[in-house]
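Undergrad: Pasting upload27.txt below, which is compact mmCIF, N, CA and C atoms.
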# COMPACT_ATOMS: atom_id res chain seq x y z
N MET A 1 -4.34 -29.02 -6.05
CA MET A 1 -5.48 -28.66 -6.86
C MET A 1 -6.24 -27.47 -6.26
N LYS A 2 -6.35 -27.45 -4.94
CA LYS A 2 -7.05 -26.36 -4.27
C LYS A 2 -6.36 -25.02 -4.54
N HIS A 3 -5.01 -25.01 -4.49
CA HIS A 3 -4.25 -23.80 -4.77
C HIS A 3 -4.50 -23.33 -6.20
N TRP A 4 -4.51 -24.21 -7.14
CA TRP A 4 -4.75 -23.89 -8.55
C TRP A 4 -6.10 -23.21 -8.72
N MET A 5 -7.13 -23.75 -8.07
CA MET A 5 -8.47 -23.18 -8.19
C MET A 5 -8.52 -21.77 -7.59
N ALA A 6 -7.80 -21.56 -6.49
CA ALA A 6 -7.77 -20.23 -5.88
C ALA A 6 -7.12 -19.22 -6.81
N VAL A 7 -6.04 -19.62 -7.46
CA VAL A 7 -5.35 -18.72 -8.39
C VAL A 7 -6.25 -18.38 -9.57
N VAL A 8 -6.94 -19.38 -10.12
CA VAL A 8 -7.85 -19.15 -11.25
C VAL A 8 -8.96 -18.19 -10.84
N CYS A 9 -9.55 -18.40 -9.67
CA CYS A 9 -10.63 -17.52 -9.21
C CYS A 9 -10.10 -16.11 -8.97
N PHE A 10 -8.87 -15.99 -8.44
CA PHE A 10 -8.28 -14.68 -8.20
C PHE A 10 -8.14 -13.92 -9.51
N TRP A 11 -7.66 -14.57 -10.55
CA TRP A 11 -7.51 -13.93 -11.85
C TRP A 11 -8.87 -13.60 -12.46
N LEU A 12 -9.83 -14.48 -12.32
CA LEU A 12 -11.16 -14.20 -12.84
C LEU A 12 -11.82 -13.05 -12.09
N ALA A 13 -11.44 -12.90 -10.83
CA ALA A 13 -12.00 -11.81 -10.04
C ALA A 13 -11.63 -10.45 -10.63
N LEU A 14 -10.47 -10.38 -11.25
CA LEU A 14 -10.06 -9.12 -11.86
C LEU A 14 -11.01 -8.70 -12.97
N THR A 15 -11.63 -9.67 -13.61
CA THR A 15 -12.57 -9.35 -14.68
C THR A 15 -14.01 -9.33 -14.18
N GLY A 16 -14.19 -9.51 -12.87
CA GLY A 16 -15.52 -9.44 -12.29
C GLY A 16 -16.30 -10.74 -12.33
N CYS A 17 -15.62 -11.86 -12.59
CA CYS A 17 -16.32 -13.13 -12.71
C CYS A 17 -16.45 -13.88 -11.40
N CYS A 18 -15.78 -13.47 -10.38
CA CYS A 18 -15.83 -14.14 -9.08
C CYS A 18 -16.08 -13.11 -7.99
N PRO A 19 -16.69 -13.51 -6.89
CA PRO A 19 -16.91 -12.57 -5.80
C PRO A 19 -15.62 -12.12 -5.13
N LEU A 20 -14.49 -12.79 -5.38
CA LEU A 20 -13.22 -12.42 -4.78
C LEU A 20 -12.82 -11.00 -5.16
N GLY A 21 -13.11 -10.58 -6.40
CA GLY A 21 -12.78 -9.23 -6.85
C GLY A 21 -13.46 -8.19 -5.98
N GLU A 22 -14.67 -8.46 -5.56
CA GLU A 22 -15.38 -7.55 -4.68
C GLU A 22 -14.74 -7.52 -3.30
N ARG A 23 -14.14 -8.64 -2.88
CA ARG A 23 -13.47 -8.68 -1.57
C ARG A 23 -12.16 -7.91 -1.59
N ILE A 24 -11.50 -7.83 -2.74
CA ILE A 24 -10.24 -7.11 -2.83
C ILE A 24 -10.49 -5.61 -2.83
N GLN A 25 -11.39 -5.16 -3.67
CA GLN A 25 -11.65 -3.74 -3.80
C GLN A 25 -12.51 -3.25 -2.64
N GLY A 26 -12.13 -2.10 -2.10
CA GLY A 26 -12.91 -1.55 -1.01
C GLY A 26 -12.09 -0.62 -0.14
N LEU A 27 -12.67 -0.22 0.97
CA LEU A 27 -12.07 0.70 1.91
C LEU A 27 -11.49 -0.09 3.09
N TYR A 28 -10.26 0.23 3.47
CA TYR A 28 -9.57 -0.48 4.55
C TYR A 28 -8.97 0.51 5.54
N SER A 29 -9.06 0.17 6.82
CA SER A 29 -8.32 0.94 7.82
C SER A 29 -6.93 0.30 7.90
N VAL A 30 -5.93 1.15 8.11
CA VAL A 30 -4.54 0.71 8.19
C VAL A 30 -4.01 1.12 9.55
N GLU A 31 -3.49 0.16 10.31
CA GLU A 31 -2.90 0.46 11.61
C GLU A 31 -1.54 -0.21 11.70
N GLY A 32 -0.57 0.58 12.14
CA GLY A 32 0.78 0.05 12.27
C GLY A 32 1.74 1.17 12.57
N ARG A 33 3.01 0.95 12.21
CA ARG A 33 4.05 1.93 12.48
C ARG A 33 4.92 2.13 11.25
N THR A 34 5.36 3.36 11.07
CA THR A 34 6.35 3.68 10.07
C THR A 34 7.62 4.10 10.80
N HIS A 35 8.71 3.46 10.44
CA HIS A 35 10.02 3.77 11.00
C HIS A 35 10.80 4.53 9.93
N TYR A 36 11.48 5.59 10.31
CA TYR A 36 12.21 6.38 9.34
C TYR A 36 13.57 6.79 9.89
N SER A 37 14.47 7.06 8.98
CA SER A 37 15.79 7.56 9.32
C SER A 37 16.21 8.52 8.21
N ILE A 38 16.37 9.79 8.57
CA ILE A 38 16.80 10.81 7.61
C ILE A 38 18.00 11.52 8.23
N PRO A 39 19.22 11.16 7.78
CA PRO A 39 20.41 11.80 8.34
C PRO A 39 20.31 13.33 8.25
N GLY A 40 20.66 13.98 9.36
CA GLY A 40 20.59 15.43 9.42
C GLY A 40 19.23 15.96 9.82
N VAL A 41 18.19 15.11 9.75
CA VAL A 41 16.84 15.52 10.13
C VAL A 41 16.39 14.78 11.38
N GLY A 42 16.59 13.47 11.39
CA GLY A 42 16.21 12.68 12.55
C GLY A 42 15.76 11.28 12.18
N SER A 43 15.43 10.52 13.20
CA SER A 43 14.91 9.17 12.99
C SER A 43 13.92 8.86 14.11
N GLY A 44 13.12 7.86 13.87
CA GLY A 44 12.13 7.46 14.86
C GLY A 44 11.02 6.66 14.22
N SER A 45 9.89 6.64 14.89
CA SER A 45 8.74 5.92 14.33
C SER A 45 7.47 6.64 14.78
N PHE A 46 6.42 6.42 14.02
CA PHE A 46 5.14 7.01 14.36
C PHE A 46 4.03 6.08 13.91
N PRO A 47 2.87 6.13 14.57
CA PRO A 47 1.75 5.28 14.17
C PRO A 47 1.18 5.75 12.84
N VAL A 48 0.67 4.82 12.06
CA VAL A 48 0.08 5.15 10.76
C VAL A 48 -1.39 4.73 10.70
N PRO A 49 -2.25 5.40 11.45
CA PRO A 49 -3.69 5.10 11.33
C PRO A 49 -4.27 5.83 10.13
N HIS A 50 -4.34 5.16 9.03
CA HIS A 50 -4.86 5.74 7.79
C HIS A 50 -6.01 4.90 7.27
N THR A 51 -6.67 5.44 6.30
CA THR A 51 -7.67 4.68 5.56
C THR A 51 -7.25 4.67 4.10
N PHE A 52 -7.20 3.50 3.51
CA PHE A 52 -6.84 3.35 2.11
C PHE A 52 -7.97 2.68 1.36
N ARG A 53 -8.09 3.04 0.10
CA ARG A 53 -9.03 2.39 -0.79
C ARG A 53 -8.24 1.59 -1.81
N ILE A 54 -8.66 0.35 -2.04
CA ILE A 54 -8.10 -0.47 -3.10
C ILE A 54 -9.14 -0.52 -4.21
N ALA A 55 -8.75 -0.06 -5.38
CA ALA A 55 -9.66 0.00 -6.53
C ALA A 55 -8.97 -0.58 -7.75
N GLU A 56 -9.77 -0.87 -8.76
CA GLU A 56 -9.22 -1.34 -10.02
C GLU A 56 -8.38 -0.22 -10.63
N GLY A 57 -7.19 -0.58 -11.13
CA GLY A 57 -6.31 0.41 -11.72
C GLY A 57 -6.55 0.56 -13.21
N THR A 58 -5.98 1.63 -13.79
CA THR A 58 -6.08 1.82 -15.24
C THR A 58 -4.79 1.40 -15.93
N THR A 59 -3.63 1.66 -15.30
CA THR A 59 -2.36 1.23 -15.87
C THR A 59 -1.74 0.09 -15.08
N SER A 60 -2.40 -0.34 -14.03
CA SER A 60 -1.97 -1.47 -13.21
C SER A 60 -3.22 -2.26 -12.81
N ASP A 61 -3.03 -3.44 -12.23
CA ASP A 61 -4.17 -4.25 -11.83
C ASP A 61 -5.05 -3.50 -10.81
N PHE A 62 -4.40 -2.89 -9.81
CA PHE A 62 -5.10 -2.18 -8.75
C PHE A 62 -4.35 -0.90 -8.42
N VAL A 63 -5.00 0.00 -7.67
CA VAL A 63 -4.35 1.20 -7.16
C VAL A 63 -4.82 1.40 -5.72
N LEU A 64 -3.89 1.75 -4.84
CA LEU A 64 -4.20 2.07 -3.45
C LEU A 64 -4.15 3.58 -3.32
N THR A 65 -5.20 4.16 -2.71
CA THR A 65 -5.31 5.60 -2.58
C THR A 65 -5.63 5.94 -1.13
N ASP A 66 -4.93 6.94 -0.58
CA ASP A 66 -5.24 7.36 0.78
C ASP A 66 -6.33 8.42 0.78
N GLU A 67 -6.91 8.67 1.94
CA GLU A 67 -8.01 9.63 2.08
C GLU A 67 -7.63 11.05 1.68
N GLU A 68 -6.38 11.41 1.97
CA GLU A 68 -5.93 12.77 1.71
C GLU A 68 -5.66 13.02 0.22
N GLY A 69 -5.61 11.97 -0.57
CA GLY A 69 -5.34 12.11 -1.99
C GLY A 69 -3.89 12.41 -2.31
N ARG A 70 -2.99 12.12 -1.38
CA ARG A 70 -1.58 12.40 -1.64
C ARG A 70 -0.83 11.17 -2.17
N CYS A 71 -1.39 10.00 -2.00
CA CYS A 71 -0.74 8.77 -2.46
C CYS A 71 -1.66 8.00 -3.40
N PHE A 72 -1.12 7.66 -4.55
CA PHE A 72 -1.78 6.77 -5.50
C PHE A 72 -0.74 5.72 -5.85
N LEU A 73 -0.84 4.58 -5.21
CA LEU A 73 0.18 3.54 -5.37
C LEU A 73 -0.34 2.41 -6.24
N PRO A 74 0.23 2.25 -7.44
CA PRO A 74 -0.20 1.16 -8.33
C PRO A 74 0.31 -0.18 -7.81
N ALA A 75 -0.50 -1.21 -8.03
CA ALA A 75 -0.13 -2.55 -7.58
C ALA A 75 -0.53 -3.58 -8.63
N ARG A 76 0.25 -4.66 -8.69
CA ARG A 76 -0.09 -5.76 -9.59
C ARG A 76 -0.33 -7.02 -8.76
N LEU A 77 -1.12 -7.87 -9.34
CA LEU A 77 -1.42 -9.14 -8.72
C LEU A 77 -0.21 -10.04 -8.88
N GLU A 78 0.28 -10.59 -7.76
CA GLU A 78 1.48 -11.41 -7.78
C GLU A 78 1.43 -12.39 -6.61
N ASP A 79 1.50 -13.66 -6.89
CA ASP A 79 1.51 -14.69 -5.84
C ASP A 79 0.35 -14.55 -4.87
N GLU A 80 -0.84 -14.34 -5.37
CA GLU A 80 -2.06 -14.21 -4.56
C GLU A 80 -2.00 -13.06 -3.57
N ALA A 81 -1.22 -12.02 -3.90
CA ALA A 81 -1.14 -10.81 -3.09
C ALA A 81 -0.99 -9.64 -4.07
N LEU A 82 -1.02 -8.44 -3.54
CA LEU A 82 -0.78 -7.27 -4.36
C LEU A 82 0.64 -6.79 -4.11
N SER A 83 1.40 -6.64 -5.18
CA SER A 83 2.76 -6.15 -5.10
C SER A 83 2.77 -4.71 -5.60
N LEU A 84 3.16 -3.78 -4.73
CA LEU A 84 3.20 -2.38 -5.12
C LEU A 84 4.33 -2.18 -6.14
N VAL A 85 4.09 -1.32 -7.10
CA VAL A 85 5.04 -1.09 -8.18
C VAL A 85 6.27 -0.36 -7.64
N ARG A 86 7.43 -0.96 -7.85
CA ARG A 86 8.70 -0.36 -7.43
C ARG A 86 8.87 1.00 -8.13
N GLY A 87 9.28 2.00 -7.37
CA GLY A 87 9.48 3.34 -7.92
C GLY A 87 8.28 4.25 -7.78
N ALA A 88 7.11 3.68 -7.41
CA ALA A 88 5.93 4.51 -7.17
C ALA A 88 6.24 5.45 -6.01
N SER A 89 5.68 6.65 -6.07
CA SER A 89 5.98 7.61 -5.01
C SER A 89 4.76 8.45 -4.66
N CYS A 90 4.84 9.06 -3.51
CA CYS A 90 3.82 10.02 -3.10
C CYS A 90 4.48 11.04 -2.18
N GLY A 91 3.94 12.23 -2.17
CA GLY A 91 4.52 13.28 -1.36
C GLY A 91 3.48 14.15 -0.69
N TRP A 92 3.90 14.89 0.30
CA TRP A 92 3.03 15.80 1.02
C TRP A 92 3.88 16.82 1.77
N ASN A 93 3.25 17.91 2.18
CA ASN A 93 3.90 18.96 2.98
C ASN A 93 3.43 18.88 4.41
N GLU A 94 4.38 19.06 5.31
CA GLU A 94 4.06 19.02 6.74
C GLU A 94 5.00 19.96 7.48
N ASN A 95 4.43 20.94 8.17
CA ASN A 95 5.21 21.91 8.95
C ASN A 95 6.34 22.54 8.14
N GLY A 96 6.06 22.91 6.89
CA GLY A 96 7.05 23.57 6.06
C GLY A 96 8.07 22.65 5.41
N VAL A 97 7.89 21.36 5.57
CA VAL A 97 8.82 20.38 4.99
C VAL A 97 8.05 19.55 3.98
N HIS A 98 8.64 19.35 2.80
CA HIS A 98 8.04 18.47 1.79
C HIS A 98 8.67 17.08 1.92
N PHE A 99 7.83 16.07 2.07
CA PHE A 99 8.29 14.69 2.16
C PHE A 99 7.90 13.95 0.89
N LEU A 100 8.82 13.17 0.35
CA LEU A 100 8.56 12.35 -0.82
C LEU A 100 9.00 10.93 -0.52
N LEU A 101 8.03 10.00 -0.54
CA LEU A 101 8.31 8.58 -0.36
C LEU A 101 8.40 7.91 -1.72
N THR A 102 9.41 7.07 -1.92
CA THR A 102 9.55 6.30 -3.15
C THR A 102 9.75 4.84 -2.75
N LEU A 103 8.89 3.98 -3.28
CA LEU A 103 8.90 2.58 -2.88
C LEU A 103 10.01 1.77 -3.54
N THR A 104 10.63 0.91 -2.73
CA THR A 104 11.52 -0.11 -3.27
C THR A 104 10.85 -1.47 -3.11
N HIS A 105 9.93 -1.57 -2.15
CA HIS A 105 9.19 -2.81 -1.90
C HIS A 105 7.86 -2.46 -1.24
N GLY A 106 6.82 -3.16 -1.63
CA GLY A 106 5.52 -3.00 -0.99
C GLY A 106 4.64 -4.19 -1.30
N ARG A 107 3.93 -4.66 -0.31
CA ARG A 107 3.10 -5.86 -0.49
C ARG A 107 1.85 -5.76 0.37
N VAL A 108 0.72 -6.13 -0.23
CA VAL A 108 -0.55 -6.20 0.49
C VAL A 108 -1.02 -7.64 0.40
N GLU A 109 -1.18 -8.27 1.55
CA GLU A 109 -1.68 -9.63 1.62
C GLU A 109 -3.02 -9.61 2.34
N LEU A 110 -4.06 -10.06 1.66
CA LEU A 110 -5.41 -10.03 2.21
C LEU A 110 -5.88 -11.43 2.53
N SER A 111 -6.62 -11.55 3.63
CA SER A 111 -7.21 -12.83 3.99
C SER A 111 -8.66 -12.86 3.50
N GLU A 112 -9.25 -14.02 3.48
CA GLU A 112 -10.64 -14.15 3.06
C GLU A 112 -11.59 -13.46 4.03
N GLU A 113 -11.15 -13.24 5.27
CA GLU A 113 -12.00 -12.60 6.28
C GLU A 113 -12.02 -11.08 6.15
N GLY A 114 -11.19 -10.51 5.24
CA GLY A 114 -11.21 -9.07 5.04
C GLY A 114 -10.08 -8.32 5.71
N GLY A 115 -9.20 -9.02 6.40
CA GLY A 115 -8.05 -8.37 7.02
C GLY A 115 -6.80 -8.67 6.22
N GLY A 116 -5.66 -8.28 6.77
CA GLY A 116 -4.42 -8.60 6.09
C GLY A 116 -3.27 -7.74 6.54
N ARG A 117 -2.21 -7.73 5.73
CA ARG A 117 -0.98 -7.00 5.99
C ARG A 117 -0.73 -5.97 4.90
N PHE A 118 -0.11 -4.85 5.26
CA PHE A 118 0.29 -3.82 4.31
C PHE A 118 1.67 -3.34 4.73
N ASP A 119 2.69 -3.92 4.13
CA ASP A 119 4.07 -3.60 4.47
C ASP A 119 4.74 -2.96 3.26
N MET A 120 5.58 -1.97 3.52
CA MET A 120 6.32 -1.34 2.43
C MET A 120 7.59 -0.71 2.98
N ALA A 121 8.54 -0.46 2.05
CA ALA A 121 9.82 0.14 2.41
C ALA A 121 10.33 0.92 1.21
N GLY A 122 11.24 1.83 1.49
CA GLY A 122 11.83 2.59 0.41
C GLY A 122 12.60 3.79 0.90
N SER A 123 12.74 4.76 0.03
CA SER A 123 13.47 5.98 0.38
C SER A 123 12.48 7.09 0.71
N VAL A 124 12.94 8.01 1.53
CA VAL A 124 12.16 9.19 1.86
C VAL A 124 13.12 10.38 1.75
N THR A 125 12.64 11.44 1.14
CA THR A 125 13.43 12.67 1.03
C THR A 125 12.65 13.80 1.67
N ALA A 126 13.30 14.48 2.60
CA ALA A 126 12.71 15.65 3.26
C ALA A 126 13.37 16.88 2.64
N THR A 127 12.56 17.83 2.16
CA THR A 127 13.09 19.05 1.56
C THR A 127 12.54 20.25 2.33
N ALA A 128 13.46 21.05 2.86
CA ALA A 128 13.09 22.26 3.60
C ALA A 128 14.06 23.38 3.22
N ARG A 129 13.53 24.54 2.90
CA ARG A 129 14.33 25.71 2.54
C ARG A 129 15.37 25.36 1.46
N GLY A 130 14.97 24.54 0.49
CA GLY A 130 15.83 24.20 -0.62
C GLY A 130 16.87 23.13 -0.36
N VAL A 131 16.91 22.60 0.85
CA VAL A 131 17.89 21.56 1.21
C VAL A 131 17.19 20.21 1.21
N MET A 132 17.72 19.29 0.39
CA MET A 132 17.15 17.93 0.31
C MET A 132 17.94 17.01 1.22
N SER A 133 17.21 16.25 2.05
CA SER A 133 17.84 15.29 2.96
C SER A 133 17.26 13.91 2.69
N PRO A 134 18.05 13.02 2.07
CA PRO A 134 17.56 11.67 1.75
C PRO A 134 17.67 10.75 2.96
N GLY A 135 16.75 9.79 3.01
CA GLY A 135 16.75 8.79 4.07
C GLY A 135 15.98 7.57 3.64
N SER A 136 15.50 6.80 4.61
CA SER A 136 14.77 5.57 4.31
C SER A 136 13.59 5.42 5.26
N PHE A 137 12.63 4.57 4.86
CA PHE A 137 11.47 4.29 5.71
C PHE A 137 11.08 2.82 5.57
N LEU A 138 10.35 2.35 6.57
CA LEU A 138 9.82 0.99 6.60
C LEU A 138 8.48 1.04 7.31
N GLN A 139 7.44 0.49 6.68
CA GLN A 139 6.11 0.45 7.29
C GLN A 139 5.68 -1.00 7.49
N ASN A 140 5.21 -1.31 8.69
CA ASN A 140 4.60 -2.58 9.02
C ASN A 140 3.21 -2.29 9.55
N ALA A 141 2.18 -2.81 8.86
CA ALA A 141 0.82 -2.46 9.26
C ALA A 141 -0.15 -3.60 8.97
N THR A 142 -1.30 -3.52 9.61
CA THR A 142 -2.39 -4.45 9.34
C THR A 142 -3.51 -3.69 8.66
N LEU A 143 -4.31 -4.44 7.91
CA LEU A 143 -5.48 -3.88 7.22
C LEU A 143 -6.74 -4.51 7.79
N THR A 144 -7.77 -3.73 7.88
CA THR A 144 -9.09 -4.23 8.25
C THR A 144 -10.09 -3.64 7.27
N ARG A 145 -10.86 -4.48 6.64
CA ARG A 145 -11.83 -4.01 5.66
C ARG A 145 -12.95 -3.27 6.37
N LEU A 146 -13.27 -2.07 5.85
CA LEU A 146 -14.35 -1.26 6.39
C LEU A 146 -15.62 -1.34 5.56
N GLY A 147 -15.47 -1.59 4.27
CA GLY A 147 -16.63 -1.66 3.40
C GLY A 147 -16.25 -1.38 1.97
N ASP A 148 -17.28 -1.06 1.17
CA ASP A 148 -17.05 -0.80 -0.24
C ASP A 148 -16.68 0.63 -0.42
Spit out the file's structure as structure tokens when you get a sec.
TA:
Amino acid sequence: MKHWMAVVCFWLALTGCCPLGERIQGLYSVEGRTHYSIPGVGSGSFPVPHTFRIAEGTTSDFVLTDEEGRCFLPARLEDEALSLVRGASCGWNENGVHFLLTLTHGRVELSEEGGGRFDMAGSVTATARGVMSPGSFLQNATLTRLGD
């Protein structure tokens, strides 16, 4: 019965009827690592200290947006977590190389205390001087709520 009530409140939160909706939407710091492998370019991992905002979406339940404005990842409510929409992508330029991430899996699990997990995986394509190099990435990170 307790699980049922939590699910009902979670859905009502989307319409603004419960304080849970206010706990979902807001600014979060993201800390973790992204592991990548791009044949012909390289592989490795790097820390991902970013800040993301979770807001109500227009074509999805929610949208996650980074500070730089390069990623807008739509998410739907699923199993009391946010499931990032498969195929969503974001790109940016770095040192003359264009990177494009495309999600195959992504999930945000939030706790009542304001923390949680932000894990995702998919393909990454690096394009430099007209040459496209496909690869893959995996991110494992934690979220900490910073505010509204």
Undergrad: Could you give me, as a tab-separated table, every region 113-139 of chain A residue with an atom at most 7 Å from region 93-104 of chain A, plus its closest atom pair and distance in Å to one decimal, counting all atoms listed in the file, rows ordered by chain then number?
TA:
residue	atom	partner	partner_atom	distance
A:Met120	C	A:Thr104	N	6.7
A:Ala121	C	A:Thr104	N	4.0
A:Gly122	CA	A:Thr104	N	3.8
A:Ser123	C	A:Thr102	N	4.0
A:Val124	CA	A:Leu100	C	4.3
A:Thr125	N	A:Leu100	C	4.0
A:Ala126	CA	A:His98	C	4.5
A:Thr127	N	A:His98	C	4.0
A:Ala128	CA	A:Val97	CA	4.9
A:Arg129	N	A:Gly96	C	6.3
Undergrad: Which residues come within 7 Å of His35 (chain A), counting only N, CA and C atoms, excluding same-chain residues fewer than 4 positions away, as a list in words?
TA: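 Surrounding residues, per the criterion: Ser43, Gly44, Ser45, Phe46, Ser136, Phe137, Leu138, Gln139 and Asn140 of chain A.
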Undergrad: What separation in Å, quoted to one decimal, exists between atom C of Leu82 (chain A) and atom C of Ser37 (chain A)?
TA: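 For atom C of Leu82 (chain A) relative to atom C of Ser37 (chain A), the distance reads 25.1 Å.
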Undergrad: Please give the complete set of residues from chain A that DSSP, run on the backbone, assigns to helix (DSSP H, G or I), formatted as a PyMOL selection string.
TA: chain A and resi 2-14+20-24
Undergrad: What's the 6.5 Å shell around Asp119 (chain A), counting only N, CA and C atoms, without same-chain residues fewer than 3 positions away, as a list of chain:residue names?
TA: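 The residues satisfying every condition are A:His105, A:Gly106, A:Arg107, A:Val108, A:Glu109, A:Gln139, A:Asn140, A:Ala141.
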Undergrad: Enter the distance from atom N of Gly130 (chain A) to CA of Ser89 (chain A), in Å, rounded to one decimal.
TA: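 These atoms are spaced 19.9 Å apart.
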Undergrad: Of the candidates A:Leu110, A:Val48, A:Leu146, A:Val30, which shows the shortest atom-to-atom distance to Leu77 (chain A), using only C-alpha atoms?
TA: A:Leu110
Undergrad: In Å, with one decimal, what is the gap from atom N of Gly147 (chain A) to atom C of Phe118 (chain A)?
TA: 17.2 Å
Undergrad: I want to know what sits within 8 Å of Pro74 (chain A), based on all atoms listed in the file, with residues of the same chain fewer than 3 positions away left out; could you give that as a list in words?
TA: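 My reading of the contact set: Gly57, Thr58, Thr59, Ser60, Asp61, Phe62, Val63, Leu64, Thr65, Cys71, Leu77, Leu82, Ser83, Leu84, Val85, Arg86, Ala88 and Ser89 of chain A.
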Undergrad: May I have the selected residues written with N, CA and C atoms, as a PDB file, keeping the file's coordinate frame?
TA:
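The result, stored in result-v3.pdb:
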ATOM      1  N   GLY A  57      -7.190  -0.580 -11.130  1.00  0.00           N
ATOM      2  CA  GLY A  57      -6.310   0.410 -11.720  1.00  0.00           C
ATOM      3  C   GLY A  57      -6.550   0.560 -13.210  1.00  0.00           C
ATOM      4  N   THR A  58      -5.980   1.630 -13.790  1.00  0.00           N
ATOM      5  CA  THR A  58      -6.080   1.820 -15.240  1.00  0.00           C
ATOM      6  C   THR A  58      -4.790   1.400 -15.930  1.00  0.00           C
ATOM      7  N   THR A  59      -3.630   1.660 -15.300  1.00  0.00           N
ATOM      8  CA  THR A  59      -2.360   1.230 -15.870  1.00  0.00           C
ATOM      9  C   THR A  59      -1.740   0.090 -15.080  1.00  0.00           C
ATOM     10  N   SER A  60      -2.400  -0.340 -14.030  1.00  0.00           N
ATOM     11  CA  SER A  60      -1.970  -1.470 -13.210  1.00  0.00           C
ATOM     12  C   SER A  60      -3.220  -2.260 -12.810  1.00  0.00           C
ATOM     13  N   ASP A  61      -3.030  -3.440 -12.230  1.00  0.00           N
ATOM     14  CA  ASP A  61      -4.170  -4.250 -11.830  1.00  0.00           C
ATOM     15  C   ASP A  61      -5.050  -3.500 -10.810  1.00  0.00           C
ATOM     16  N   PHE A  62      -4.400  -2.890  -9.810  1.00  0.00           N
ATOM     17  CA  PHE A  62      -5.100  -2.180  -8.750  1.00  0.00           C
ATOM     18  C   PHE A  62      -4.350  -0.900  -8.420  1.00  0.00           C
ATOM     19  N   VAL A  63      -5.000   0.000  -7.670  1.00  0.00           N
ATOM     20  CA  VAL A  63      -4.350   1.200  -7.160  1.00  0.00           C
ATOM     21  C   VAL A  63      -4.820   1.400  -5.720  1.00  0.00           C
ATOM     22  N   LEU A  64      -3.890   1.750  -4.840  1.00  0.00           N
ATOM     23  CA  LEU A  64      -4.200   2.070  -3.450  1.00  0.00           C
ATOM     24  C   LEU A  64      -4.150   3.580  -3.320  1.00  0.00           C
ATOM     25  N   THR A  65      -5.200   4.160  -2.710  1.00  0.00           N
ATOM     26  CA  THR A  65      -5.310   5.600  -2.580  1.00  0.00           C
ATOM     27  C   THR A  65      -5.630   5.940  -1.130  1.00  0.00           C
ATOM     28  N   CYS A  71      -1.390  10.000  -2.000  1.00  0.00           N
ATOM     29  CA  CYS A  71      -0.740   8.770  -2.460  1.00  0.00           C
ATOM     30  C   CYS A  71      -1.660   8.000  -3.400  1.00  0.00           C
ATOM     31  N   LEU A  77      -1.120  -7.870  -9.340  1.00  0.00           N
ATOM     32  CA  LEU A  77      -1.420  -9.140  -8.720  1.00  0.00           C
ATOM     33  C   LEU A  77      -0.210 -10.040  -8.880  1.00  0.00           C
ATOM     34  N   LEU A  82      -1.020  -8.440  -3.540  1.00  0.00           N
ATOM     35  CA  LEU A  82      -0.780  -7.270  -4.360  1.00  0.00           C
ATOM     36  C   LEU A  82       0.640  -6.790  -4.110  1.00  0.00           C
ATOM     37  N   SER A  83       1.400  -6.640  -5.180  1.00  0.00           N
ATOM     38  CA  SER A  83       2.760  -6.150  -5.100  1.00  0.00           C
ATOM     39  C   SER A  83       2.770  -4.710  -5.600  1.00  0.00           C
ATOM     40  N   LEU A  84       3.160  -3.780  -4.730  1.00  0.00           N
ATOM     41  CA  LEU A  84       3.200  -2.380  -5.120  1.00  0.00           C
ATOM     42  C   LEU A  84       4.330  -2.180  -6.140  1.00  0.00           C
ATOM     43  N   VAL A  85       4.090  -1.320  -7.100  1.00  0.00           N
ATOM     44  CA  VAL A  85       5.040  -1.090  -8.180  1.00  0.00           C
ATOM     45  C   VAL A  85       6.270  -0.360  -7.640  1.00  0.00           C
ATOM     46  N   ARG A  86       7.430  -0.960  -7.850  1.00  0.00           N
ATOM     47  CA  ARG A  86       8.700  -0.360  -7.430  1.00  0.00           C
ATOM     48  C   ARG A  86       8.870   1.000  -8.130  1.00  0.00           C
ATOM     49  N   ALA A  88       7.110   3.680  -7.410  1.00  0.00           N
ATOM     50  CA  ALA A  88       5.930   4.510  -7.170  1.00  0.00           C
ATOM     51  C   ALA A  88       6.240   5.450  -6.010  1.00  0.00           C
ATOM     52  N   SER A  89       5.680   6.650  -6.070  1.00  0.00           N
ATOM     53  CA  SER A  89       5.980   7.610  -5.010  1.00  0.00           C
ATOM     54  C   SER A  89       4.760   8.450  -4.660  1.00  0.00           C
TER      55      SER A  89
END
Undergrad: Run DSSP on the backbone and grab whatever in chain A lands in strand (DSSP E); send it over as a VMD selection string.
TA: chain A and resid 26 to 38 42 to 47 50 to 56 62 to 66 72 to 78 81 to 84 89 to 94 97 to 110 115 to 128 131 to 147
Undergrad: As AutoDock Vina command-line options, please report the centre and edge lengths, rounded to one decimal in Å, of the axis-aligned box that holds all listed atoms of region 129-135 of chain A with 6 Å of padding on each of the six sides.
TA:
--center_x 15.8 --center_y 16.6 --center_z 1.7 --size_x 16.5 --size_y 30.1 --size_z 16.7
Undergrad: Of the candidates A:Ser29, A:Ile38, A:Trp92, A:Gly69, which shows the shortest atom-to-atom distance to His50 (chain A), using only C-alpha atoms?
TA: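 The closest residue to His50 (chain A) is A:Ser29.
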Undergrad: Find the residues near Thr142 (chain A): any atom within 8 Å, counting only C-alpha atoms, skip ones fewer than 4 places away on the same chain, and give them as a PyMOL selection string.
TA: chain A and resi 30-32+115-118
